[in-house]
file query_28.txt (compact mmCIF, C-alpha atoms)
# COMPACT_ATOMS: atom_id res chain seq x y z
CA MET A 1 -69.98 1.83 -20.58
CA PRO A 2 -72.35 -0.71 -22.19
CA LEU A 3 -72.72 0.03 -25.89
CA ARG A 4 -76.47 0.58 -25.67
CA ASP A 5 -76.03 3.17 -22.90
CA LYS A 6 -73.22 4.86 -24.79
CA GLU A 7 -75.33 5.10 -27.93
CA ARG A 8 -78.19 6.69 -26.01
CA LEU A 9 -75.81 9.21 -24.44
CA ILE A 10 -74.09 10.12 -27.71
CA ARG A 11 -77.36 10.47 -29.59
CA ALA A 12 -78.71 12.73 -26.85
CA PHE A 13 -75.58 14.88 -27.10
CA ALA A 14 -76.01 15.08 -30.87
CA ALA A 15 -79.62 16.20 -30.51
CA ALA A 16 -78.53 18.87 -28.01
CA ILE A 17 -76.03 20.40 -30.49
CA GLY A 18 -78.32 20.08 -33.48
CA ASP A 19 -78.76 23.84 -33.86
CA LEU A 20 -75.02 24.61 -33.62
CA VAL A 21 -74.60 24.26 -37.36
CA ASP A 22 -71.05 25.69 -37.46
CA TYR A 23 -69.84 22.93 -35.14
CA ILE A 24 -68.79 19.75 -36.96
CA PRO A 25 -68.32 16.92 -34.42
CA GLY A 26 -65.34 14.58 -34.73
CA PRO A 27 -63.87 11.78 -32.62
CA ASP A 28 -61.76 12.30 -29.51
CA MET A 29 -61.21 10.44 -26.25
CA GLY A 30 -63.82 7.72 -25.77
CA THR A 31 -65.39 8.12 -29.20
CA ASP A 32 -64.70 6.48 -32.55
CA GLU A 33 -66.08 5.88 -36.06
CA LEU A 34 -69.22 4.20 -34.73
CA THR A 35 -70.10 7.05 -32.40
CA MET A 36 -69.57 9.55 -35.21
CA GLY A 37 -71.98 7.48 -37.30
CA TRP A 38 -74.63 7.85 -34.59
CA ILE A 39 -74.13 11.63 -34.57
CA LYS A 40 -74.32 11.82 -38.37
CA ASP A 41 -77.55 9.83 -38.22
CA GLU A 42 -79.05 12.29 -35.73
CA ILE A 43 -78.03 15.68 -37.13
CA GLY A 44 -76.59 15.02 -40.60
CA ARG A 45 -73.04 16.18 -39.92
CA ALA A 46 -69.91 14.61 -38.43
CA VAL A 47 -66.41 13.62 -39.51
CA GLY A 48 -64.27 10.57 -38.79
CA LEU A 49 -67.12 8.41 -40.08
CA PRO A 50 -67.01 4.71 -40.92
CA ARG A 51 -66.01 3.79 -44.48
CA GLU A 52 -69.44 2.20 -44.96
CA ILE A 53 -71.04 5.64 -45.02
CA GLY A 54 -68.30 7.41 -46.94
CA GLY A 55 -66.01 8.50 -44.12
CA ILE A 56 -62.29 8.41 -43.39
CA PRO A 57 -62.05 6.31 -40.20
CA LEU A 58 -59.50 8.31 -38.21
CA ASP A 59 -59.04 5.78 -35.41
CA GLU A 60 -58.64 2.91 -37.83
CA ILE A 61 -56.02 4.50 -40.09
CA GLY A 62 -54.28 6.45 -37.33
CA GLY A 63 -54.34 9.86 -39.00
CA THR A 64 -53.17 11.71 -35.89
CA GLY A 65 -50.38 9.25 -35.18
CA PHE A 66 -49.31 9.39 -38.83
CA GLY A 67 -48.97 13.16 -38.65
CA LEU A 68 -47.17 12.95 -35.32
CA VAL A 69 -44.49 10.77 -36.93
CA ALA A 70 -44.08 13.30 -39.76
CA ALA A 71 -43.38 16.00 -37.15
CA ILE A 72 -40.97 13.70 -35.31
CA ASP A 73 -39.11 12.95 -38.53
CA VAL A 74 -38.50 16.66 -39.16
CA ALA A 75 -37.51 17.23 -35.52
CA ARG A 76 -35.06 14.34 -35.36
CA GLU A 77 -33.27 15.72 -38.45
CA HIS A 78 -33.17 19.10 -36.70
CA ILE A 79 -31.17 17.63 -33.78
CA GLY A 80 -29.27 14.98 -35.73
CA LEU A 81 -31.04 11.93 -34.30
CA PRO A 82 -31.21 8.82 -36.54
CA LEU A 83 -34.69 7.31 -36.48
CA ALA A 84 -33.44 3.76 -36.94
CA GLY A 85 -32.73 2.48 -33.45
CA ALA A 86 -34.21 5.52 -31.71
CA ARG A 87 -35.82 4.57 -28.38
CA VAL A 88 -39.48 5.56 -28.07
CA VAL A 89 -41.80 5.78 -25.05
CA VAL A 90 -45.55 6.26 -25.49
CA GLN A 91 -47.79 7.46 -22.68
CA GLY A 92 -51.33 6.41 -23.59
CA PHE A 93 -51.48 3.48 -26.01
CA GLY A 94 -54.80 4.50 -27.56
CA SER A 95 -55.84 5.65 -31.01
CA VAL A 96 -52.99 8.17 -31.23
CA GLY A 97 -50.23 6.43 -29.29
CA LYS A 98 -50.54 2.96 -30.75
CA HIS A 99 -50.48 4.22 -34.33
CA ALA A 100 -47.53 6.53 -33.66
CA ALA A 101 -45.67 3.54 -32.20
CA ARG A 102 -46.63 1.43 -35.22
CA PHE A 103 -45.48 3.98 -37.80
CA LEU A 104 -42.23 4.64 -35.92
CA ALA A 105 -41.50 0.92 -35.61
CA GLU A 106 -41.98 0.54 -39.37
CA ARG A 107 -39.17 3.07 -39.78
CA GLY A 108 -36.79 1.26 -37.45
CA ALA A 109 -37.46 2.96 -34.11
CA VAL A 110 -37.70 0.80 -30.99
CA LEU A 111 -40.61 1.03 -28.55
CA VAL A 112 -39.06 0.58 -25.09
CA ALA A 113 -42.10 1.47 -22.96
CA ALA A 114 -45.82 2.16 -23.26
CA SER A 115 -48.61 2.81 -20.80
CA ASP A 116 -52.37 2.66 -20.52
CA THR A 117 -54.72 2.83 -17.54
CA SER A 118 -53.53 -0.60 -16.38
CA GLY A 119 -49.92 0.54 -15.98
CA THR A 120 -46.63 0.71 -17.86
CA ILE A 121 -44.90 -2.11 -19.73
CA ALA A 122 -41.18 -1.66 -20.48
CA ASP A 123 -38.35 -3.52 -22.18
CA GLN A 124 -35.07 -1.82 -23.13
CA ASP A 125 -34.56 -4.45 -25.85
CA GLY A 126 -37.84 -3.40 -27.46
CA LEU A 127 -41.50 -4.33 -27.21
CA ASP A 128 -43.48 -6.13 -29.88
CA VAL A 129 -45.59 -3.25 -31.21
CA ALA A 130 -47.81 -5.44 -33.40
CA ALA A 131 -48.62 -7.69 -30.44
CA LEU A 132 -49.49 -4.72 -28.23
CA VAL A 133 -51.70 -3.18 -30.93
CA ALA A 134 -53.51 -6.51 -31.36
CA ARG A 135 -53.99 -6.80 -27.61
CA LYS A 136 -55.56 -3.33 -27.41
CA ALA A 137 -57.82 -4.18 -30.38
CA GLU A 138 -59.13 -7.08 -28.30
CA GLY A 139 -59.96 -4.68 -25.48
CA ARG A 140 -57.22 -6.03 -23.24
CA ALA A 141 -54.79 -4.09 -21.05
CA LEU A 142 -51.07 -3.70 -21.70
CA HIS A 143 -50.31 -5.35 -18.35
CA ASP A 144 -51.86 -8.55 -19.73
CA HIS A 145 -49.01 -8.81 -22.24
CA PRO A 146 -46.67 -11.64 -21.24
CA GLY A 147 -43.44 -9.80 -22.04
CA GLY A 148 -41.71 -6.78 -20.53
CA ARG A 149 -41.46 -5.37 -17.03
CA LYS A 150 -44.75 -4.39 -15.41
CA LEU A 151 -44.57 -0.97 -13.76
CA SER A 152 -46.98 1.65 -12.45
CA THR A 153 -48.77 3.95 -14.88
CA ASP A 154 -46.73 6.91 -13.65
CA ALA A 155 -43.42 5.10 -14.26
CA VAL A 156 -43.72 5.81 -17.99
CA ILE A 157 -42.42 9.32 -17.27
CA GLU A 158 -38.97 8.20 -16.17
CA ILE A 159 -38.05 5.55 -18.77
CA PRO A 160 -34.92 6.79 -20.62
CA CYS A 161 -35.59 7.33 -24.33
CA ASP A 162 -34.90 9.51 -27.35
CA ILE A 163 -38.54 10.29 -28.20
CA TRP A 164 -41.25 10.63 -25.54
CA ILE A 165 -44.85 10.83 -26.75
CA PRO A 166 -47.60 11.99 -24.38
CA ALA A 167 -50.75 10.69 -26.09
CA ALA A 168 -53.18 10.49 -23.19
CA ARG A 169 -54.57 13.40 -21.20
CA PRO A 170 -53.75 17.08 -20.67
CA ASP A 171 -51.51 18.30 -17.85
CA VAL A 172 -49.35 15.20 -17.42
CA ILE A 173 -45.97 16.97 -17.21
CA HIS A 174 -45.51 19.89 -14.84
CA ALA A 175 -43.02 21.40 -12.41
CA GLY A 176 -43.50 18.52 -10.00
CA ASN A 177 -42.39 15.73 -12.33
CA LEU A 178 -40.52 17.17 -15.33
CA ALA A 179 -37.15 16.40 -13.74
CA ARG A 180 -37.93 12.69 -14.16
CA LEU A 181 -38.07 12.93 -17.97
CA GLN A 182 -34.99 11.59 -19.76
CA THR A 183 -35.50 12.26 -23.46
CA ARG A 184 -34.39 14.39 -26.41
CA ILE A 185 -37.70 15.02 -28.19
CA ILE A 186 -41.23 15.33 -26.81
CA ALA A 187 -43.93 15.06 -29.48
CA GLU A 188 -47.25 16.21 -28.04
CA GLY A 189 -49.82 13.72 -29.29
CA ALA A 190 -52.28 14.80 -26.61
CA ASN A 191 -53.60 18.33 -26.22
CA ILE A 192 -51.76 20.56 -23.72
CA PRO A 193 -49.93 17.66 -22.03
CA LEU A 194 -47.17 19.96 -20.70
CA SER A 195 -47.53 23.09 -18.62
CA ALA A 196 -45.96 26.29 -19.95
CA GLU A 197 -43.47 26.16 -17.09
CA ALA A 198 -42.48 22.61 -18.04
CA GLU A 199 -41.95 23.53 -21.70
CA GLN A 200 -39.72 26.44 -20.66
CA ALA A 201 -37.67 24.32 -18.27
CA LEU A 202 -37.26 21.48 -20.75
CA ALA A 203 -36.04 23.90 -23.43
CA GLY A 204 -33.40 25.02 -20.95
CA ARG A 205 -32.26 21.41 -20.71
CA GLY A 206 -32.04 21.07 -24.48
CA VAL A 207 -35.18 18.97 -24.87
CA LEU A 208 -37.08 19.77 -28.08
CA VAL A 209 -40.84 19.96 -27.47
CA LEU A 210 -43.10 19.79 -30.52
CA PRO A 211 -46.26 21.79 -29.72
CA ASP A 212 -49.57 19.95 -29.78
CA PHE A 213 -51.41 21.96 -32.42
CA ILE A 214 -48.50 21.54 -34.83
CA ALA A 215 -47.68 17.88 -34.18
CA ASN A 216 -51.12 16.33 -33.58
CA ALA A 217 -53.08 18.08 -36.33
CA GLY A 218 -53.26 14.97 -38.53
CA GLY A 219 -56.73 14.01 -37.38
CA VAL A 220 -58.12 17.48 -38.00
CA ILE A 221 -56.56 17.60 -41.47
CA CYS A 222 -58.08 14.19 -42.31
CA ALA A 223 -61.44 15.41 -41.03
CA ALA A 224 -61.31 18.53 -43.20
CA ILE A 225 -60.52 16.46 -46.30
CA GLU A 226 -63.33 14.03 -45.50
CA TYR A 227 -65.82 16.87 -44.98
CA ARG A 228 -64.98 18.17 -48.45
CA GLY A 229 -65.43 14.75 -50.03
CA GLY A 230 -61.74 13.87 -50.40
CA SER A 231 -60.23 10.39 -50.28
CA GLU A 232 -58.27 8.64 -47.55
CA SER A 233 -55.09 8.57 -49.65
CA ALA A 234 -55.38 12.29 -50.42
CA ALA A 235 -55.87 13.02 -46.72
CA LEU A 236 -52.71 11.18 -45.68
CA VAL A 237 -50.66 12.90 -48.38
CA LEU A 238 -51.87 16.29 -47.16
CA VAL A 239 -51.25 15.38 -43.50
CA ASP A 240 -47.64 14.51 -44.28
CA GLU A 241 -47.11 17.58 -46.45
CA LYS A 242 -48.64 20.14 -44.10
CA ILE A 243 -47.24 18.83 -40.82
CA ARG A 244 -43.74 18.51 -42.24
CA ALA A 245 -43.89 22.06 -43.63
CA ASN A 246 -45.31 23.52 -40.41
CA THR A 247 -42.82 21.71 -38.19
CA LYS A 248 -39.94 22.87 -40.34
CA ALA A 249 -41.21 26.46 -40.30
CA VAL A 250 -41.46 26.39 -36.50
CA LEU A 251 -38.01 24.86 -36.00
CA ASP A 252 -36.42 27.26 -38.49
CA GLU A 253 -37.85 30.14 -36.46
CA VAL A 254 -36.58 28.57 -33.23
CA ARG A 255 -33.10 28.27 -34.73
CA ARG A 256 -33.21 31.84 -36.08
CA THR A 257 -34.54 33.62 -32.99
CA GLY A 258 -34.04 31.27 -30.04
CA VAL A 259 -37.69 31.44 -28.97
CA LEU A 260 -39.59 28.46 -27.61
CA PRO A 261 -41.20 26.17 -30.22
CA ARG A 262 -44.66 27.03 -28.86
CA THR A 263 -43.93 30.75 -29.19
CA ALA A 264 -42.81 30.26 -32.78
CA ALA A 265 -45.84 28.07 -33.55
CA THR A 266 -48.30 30.52 -32.03
CA SER A 267 -46.76 33.41 -33.97
CA LEU A 268 -46.94 31.42 -37.21
CA ALA A 269 -50.59 30.47 -36.65
CA THR A 270 -51.62 33.99 -35.61
CA GLU A 271 -50.03 35.58 -38.65
CA ARG A 272 -51.78 33.11 -40.96
CA VAL A 273 -55.13 33.87 -39.38
CA HIS A 274 -54.53 37.61 -39.72
CA ARG A 275 -53.62 37.21 -43.39
CA ALA A 276 -56.78 35.20 -44.00
CA MET A 277 -58.88 37.79 -42.17
CA ARG A 278 -57.69 40.47 -44.58
CA MET A 279 -59.61 38.67 -47.33
CA ARG A 280 -62.87 39.18 -45.46
CA ARG A 281 -65.17 42.05 -46.37
CA TRP A 282 -65.71 43.11 -42.75
CA HIS A 283 -62.15 42.48 -41.56
CA VAL A 284 -61.28 43.90 -38.14
CA ASP A 285 -57.57 44.02 -37.32
CA MET A 286 -57.20 42.21 -33.98
CA ARG A 287 -53.65 43.36 -33.37

call {"tool": "encode", "arguments": {"input": "query_28.txt", "output": "structure tokens"}}
result
Amino acid sequence: MPLRDKERLIRAFAAAIGDLVDYIPGPDMGTDELTMGWIKDEIGRAVGLPREIGGIPLDEIGGTGFGLVAAIDVAREHIGLPLAGARVVVQGFGSVGKHAARFLAERGAVLVAASDTSGTIADQDGLDVAALVARKAEGRALHDHPGGRKLSTDAVIEIPCDIWIPAARPDVIHAGNLARLQTRIIAEGANIPLSAEAEQALAGRGVLVLPDFIANAGGVICAAIEYRGGSESAALVLVDEKIRANTKAVLDEVRRTGVLPRTAATSLATERVHRAMRMRRWHVDMR
């Protein structure tokens, strides 16, 4: 969309939610620091803002991808997978996927495939993550990269790897295609990328699935710190601390009881909400 048209659309959306004062907008698919700046200008509240107006630019620093790697680090210890040399596949090389790939590569992992809307690029010897990130920053497609095999977008599902990261859209893995996955860990960078049936079946195959609201919470944590006036460095420290602790708590419960990671994560989150509700004057027990 032309930038002028996008600005008009985003500002109109901001005006429409002006009275919803408990809703604090933040960036997601198709939006970034600039668009959050437009919203802040219209209604006086938003997170993920540009540094120039005091924000923590989530897309620029890769807060969600940073947290995703913290979750992966805990999970790979849980199954005894060394991170150095681990093969990684990223579906959706956007603001979450590209940063996850970058942080993992810095720790010795090898990106063997990545996809965007143009298709999949793959190389079992490893792709140049920095070159791919630079290409995306220029607004160019992965298929324009001179190296690697060029495959269809859907082919990213079946590339053998140790860590598979869905970082695009919801509902990408389901009963119809889960048999094609060849991985040991799935770290859900996107929201609800796997169906409940797929998560159950993959657990039966010994694949460890890190639930979305545990693994991809880095952006939300950064946003909360920004909204309270905290710094970028403080936000990243808290992202690492909280996501590591939550991932460990979930996996400890999985090991203790044998439940699915999502079941353990939901139980953990629900209990925390109930404990917080007991501090409220007009608490109603929802159980």

call {"tool": "residues_near_point", "arguments": {"input": "query_28.txt", "point": "(-33.5, -3.0, -29.9)", "cutoff": "8 Å", "atoms": "only C-alpha atoms", "output": "list of chain:residue names"}}
result
A:Gly85, A:Val110, A:Gln124, A:Asp125, A:Gly126

call {"tool": "closest_residue", "arguments": {"input": "query_28.txt", "among": "A:Arg280, A:Arg169, A:Asp32, A:Pro2", "to": "Ile56 (chain A)", "atoms": "only C-alpha atoms"}}
result
A:Asp32

call {"tool": "atom_distance", "arguments": {"input": "query_28.txt", "atom1": "CA of Ile165 (chain A)", "atom2": "CA of Gly230 (chain A)"}}
result
29.2 Å

call {"tool": "residues_around", "arguments": {"input": "query_28.txt", "residues": "Asp154 (chain A)", "least_positions_apart": "3", "cutoff": "9 Å", "atoms": "all atoms listed in the file", "output": "VMD selection string"}}
result
chain A and resid 115 119 to 120 151 157 to 158

call {"tool": "closest_residue", "arguments": {"input": "query_28.txt", "among": "A:Met29, A:Ala71, A:Val220, A:Ile225", "to": "Ala249 (chain A)", "atoms": "all atoms listed in the file"}}
result
A:Ala71

call {"tool": "atom_distance", "arguments": {"input": "query_28.txt", "atom1": "CA of Ala134 (chain A)", "atom2": "CA of Gly65 (chain A)"}}
result
16.5 Å

call {"tool": "build_atoms", "arguments": {"input": "query_28.txt", "residues": "region 231-261 of chain A", "atoms": "N, CA and C atoms", "output": "short mmCIF file (atom, residue, chain, number, x, y, z; two decimals), keeping the file's coordinate frame"}}
result
data_model
loop_
_atom_site.label_atom_id
_atom_site.label_comp_id
_atom_site.auth_asym_id
_atom_site.auth_seq_id
_atom_site.Cartn_x
_atom_site.Cartn_y
_atom_site.Cartn_z
N SER A 231 -60.50 11.80 -50.53
CA SER A 231 -60.23 10.39 -50.28
C SER A 231 -59.25 10.22 -49.12
N GLU A 232 -59.20 8.99 -48.63
CA GLU A 232 -58.27 8.64 -47.55
C GLU A 232 -56.82 8.86 -47.98
N SER A 233 -56.47 8.42 -49.18
CA SER A 233 -55.09 8.57 -49.65
C SER A 233 -54.72 10.04 -49.79
N ALA A 234 -55.64 10.85 -50.30
CA ALA A 234 -55.38 12.29 -50.42
C ALA A 234 -55.20 12.93 -49.05
N ALA A 235 -55.97 12.47 -48.08
CA ALA A 235 -55.87 13.02 -46.72
C ALA A 235 -54.50 12.75 -46.12
N LEU A 236 -54.00 11.52 -46.27
CA LEU A 236 -52.71 11.18 -45.68
C LEU A 236 -51.56 11.92 -46.36
N VAL A 237 -51.67 12.11 -47.68
CA VAL A 237 -50.66 12.90 -48.38
C VAL A 237 -50.62 14.32 -47.84
N LEU A 238 -51.80 14.91 -47.64
CA LEU A 238 -51.87 16.29 -47.16
C LEU A 238 -51.40 16.39 -45.71
N VAL A 239 -51.73 15.39 -44.88
CA VAL A 239 -51.25 15.38 -43.50
C VAL A 239 -49.72 15.43 -43.48
N ASP A 240 -49.10 14.56 -44.24
CA ASP A 240 -47.64 14.51 -44.28
C ASP A 240 -47.06 15.83 -44.78
N GLU A 241 -47.63 16.35 -45.84
CA GLU A 241 -47.11 17.58 -46.45
C GLU A 241 -47.23 18.77 -45.49
N LYS A 242 -48.41 18.96 -44.93
CA LYS A 242 -48.64 20.14 -44.10
C LYS A 242 -47.89 20.07 -42.78
N ILE A 243 -47.90 18.92 -42.13
CA ILE A 243 -47.24 18.83 -40.82
C ILE A 243 -45.73 18.94 -40.96
N ARG A 244 -45.17 18.34 -42.01
CA ARG A 244 -43.74 18.51 -42.24
C ARG A 244 -43.39 19.98 -42.47
N ALA A 245 -44.17 20.66 -43.32
CA ALA A 245 -43.89 22.06 -43.63
C ALA A 245 -44.04 22.94 -42.39
N ASN A 246 -45.09 22.70 -41.60
CA ASN A 246 -45.31 23.52 -40.41
C ASN A 246 -44.24 23.28 -39.35
N THR A 247 -43.86 22.02 -39.18
CA THR A 247 -42.82 21.71 -38.19
C THR A 247 -41.50 22.35 -38.60
N LYS A 248 -41.17 22.25 -39.87
CA LYS A 248 -39.94 22.87 -40.34
C LYS A 248 -39.97 24.38 -40.16
N ALA A 249 -41.10 25.01 -40.47
CA ALA A 249 -41.21 26.46 -40.30
C ALA A 249 -41.02 26.87 -38.84
N VAL A 250 -41.60 26.09 -37.93
CA VAL A 250 -41.46 26.39 -36.50
C VAL A 250 -40.01 26.22 -36.06
N LEU A 251 -39.38 25.12 -36.44
CA LEU A 251 -38.01 24.86 -36.00
C LEU A 251 -37.01 25.81 -36.65
N ASP A 252 -37.27 26.24 -37.87
CA ASP A 252 -36.42 27.26 -38.49
C ASP A 252 -36.49 28.56 -37.71
N GLU A 253 -37.69 28.91 -37.25
CA GLU A 253 -37.85 30.14 -36.46
C GLU A 253 -37.17 30.00 -35.09
N VAL A 254 -37.26 28.83 -34.50
CA VAL A 254 -36.58 28.57 -33.23
C VAL A 254 -35.07 28.74 -33.41
N ARG A 255 -34.54 28.17 -34.47
CA ARG A 255 -33.10 28.27 -34.73
C ARG A 255 -32.69 29.72 -35.01
N ARG A 256 -33.54 30.47 -35.70
CA ARG A 256 -33.21 31.84 -36.08
C ARG A 256 -33.28 32.81 -34.91
N THR A 257 -34.29 32.63 -34.04
CA THR A 257 -34.54 33.62 -32.99
C THR A 257 -34.27 33.13 -31.57
N GLY A 258 -34.25 31.80 -31.39
CA GLY A 258 -34.04 31.27 -30.04
C GLY A 258 -35.28 31.24 -29.18
N VAL A 259 -36.46 31.49 -29.75
CA VAL A 259 -37.69 31.44 -28.97
C VAL A 259 -38.11 29.99 -28.74
N LEU A 260 -39.06 29.79 -27.84
CA LEU A 260 -39.59 28.46 -27.61
C LEU A 260 -40.37 27.99 -28.84
N PRO A 261 -40.40 26.68 -29.10
CA PRO A 261 -41.20 26.17 -30.22
C PRO A 261 -42.66 26.61 -30.15
#
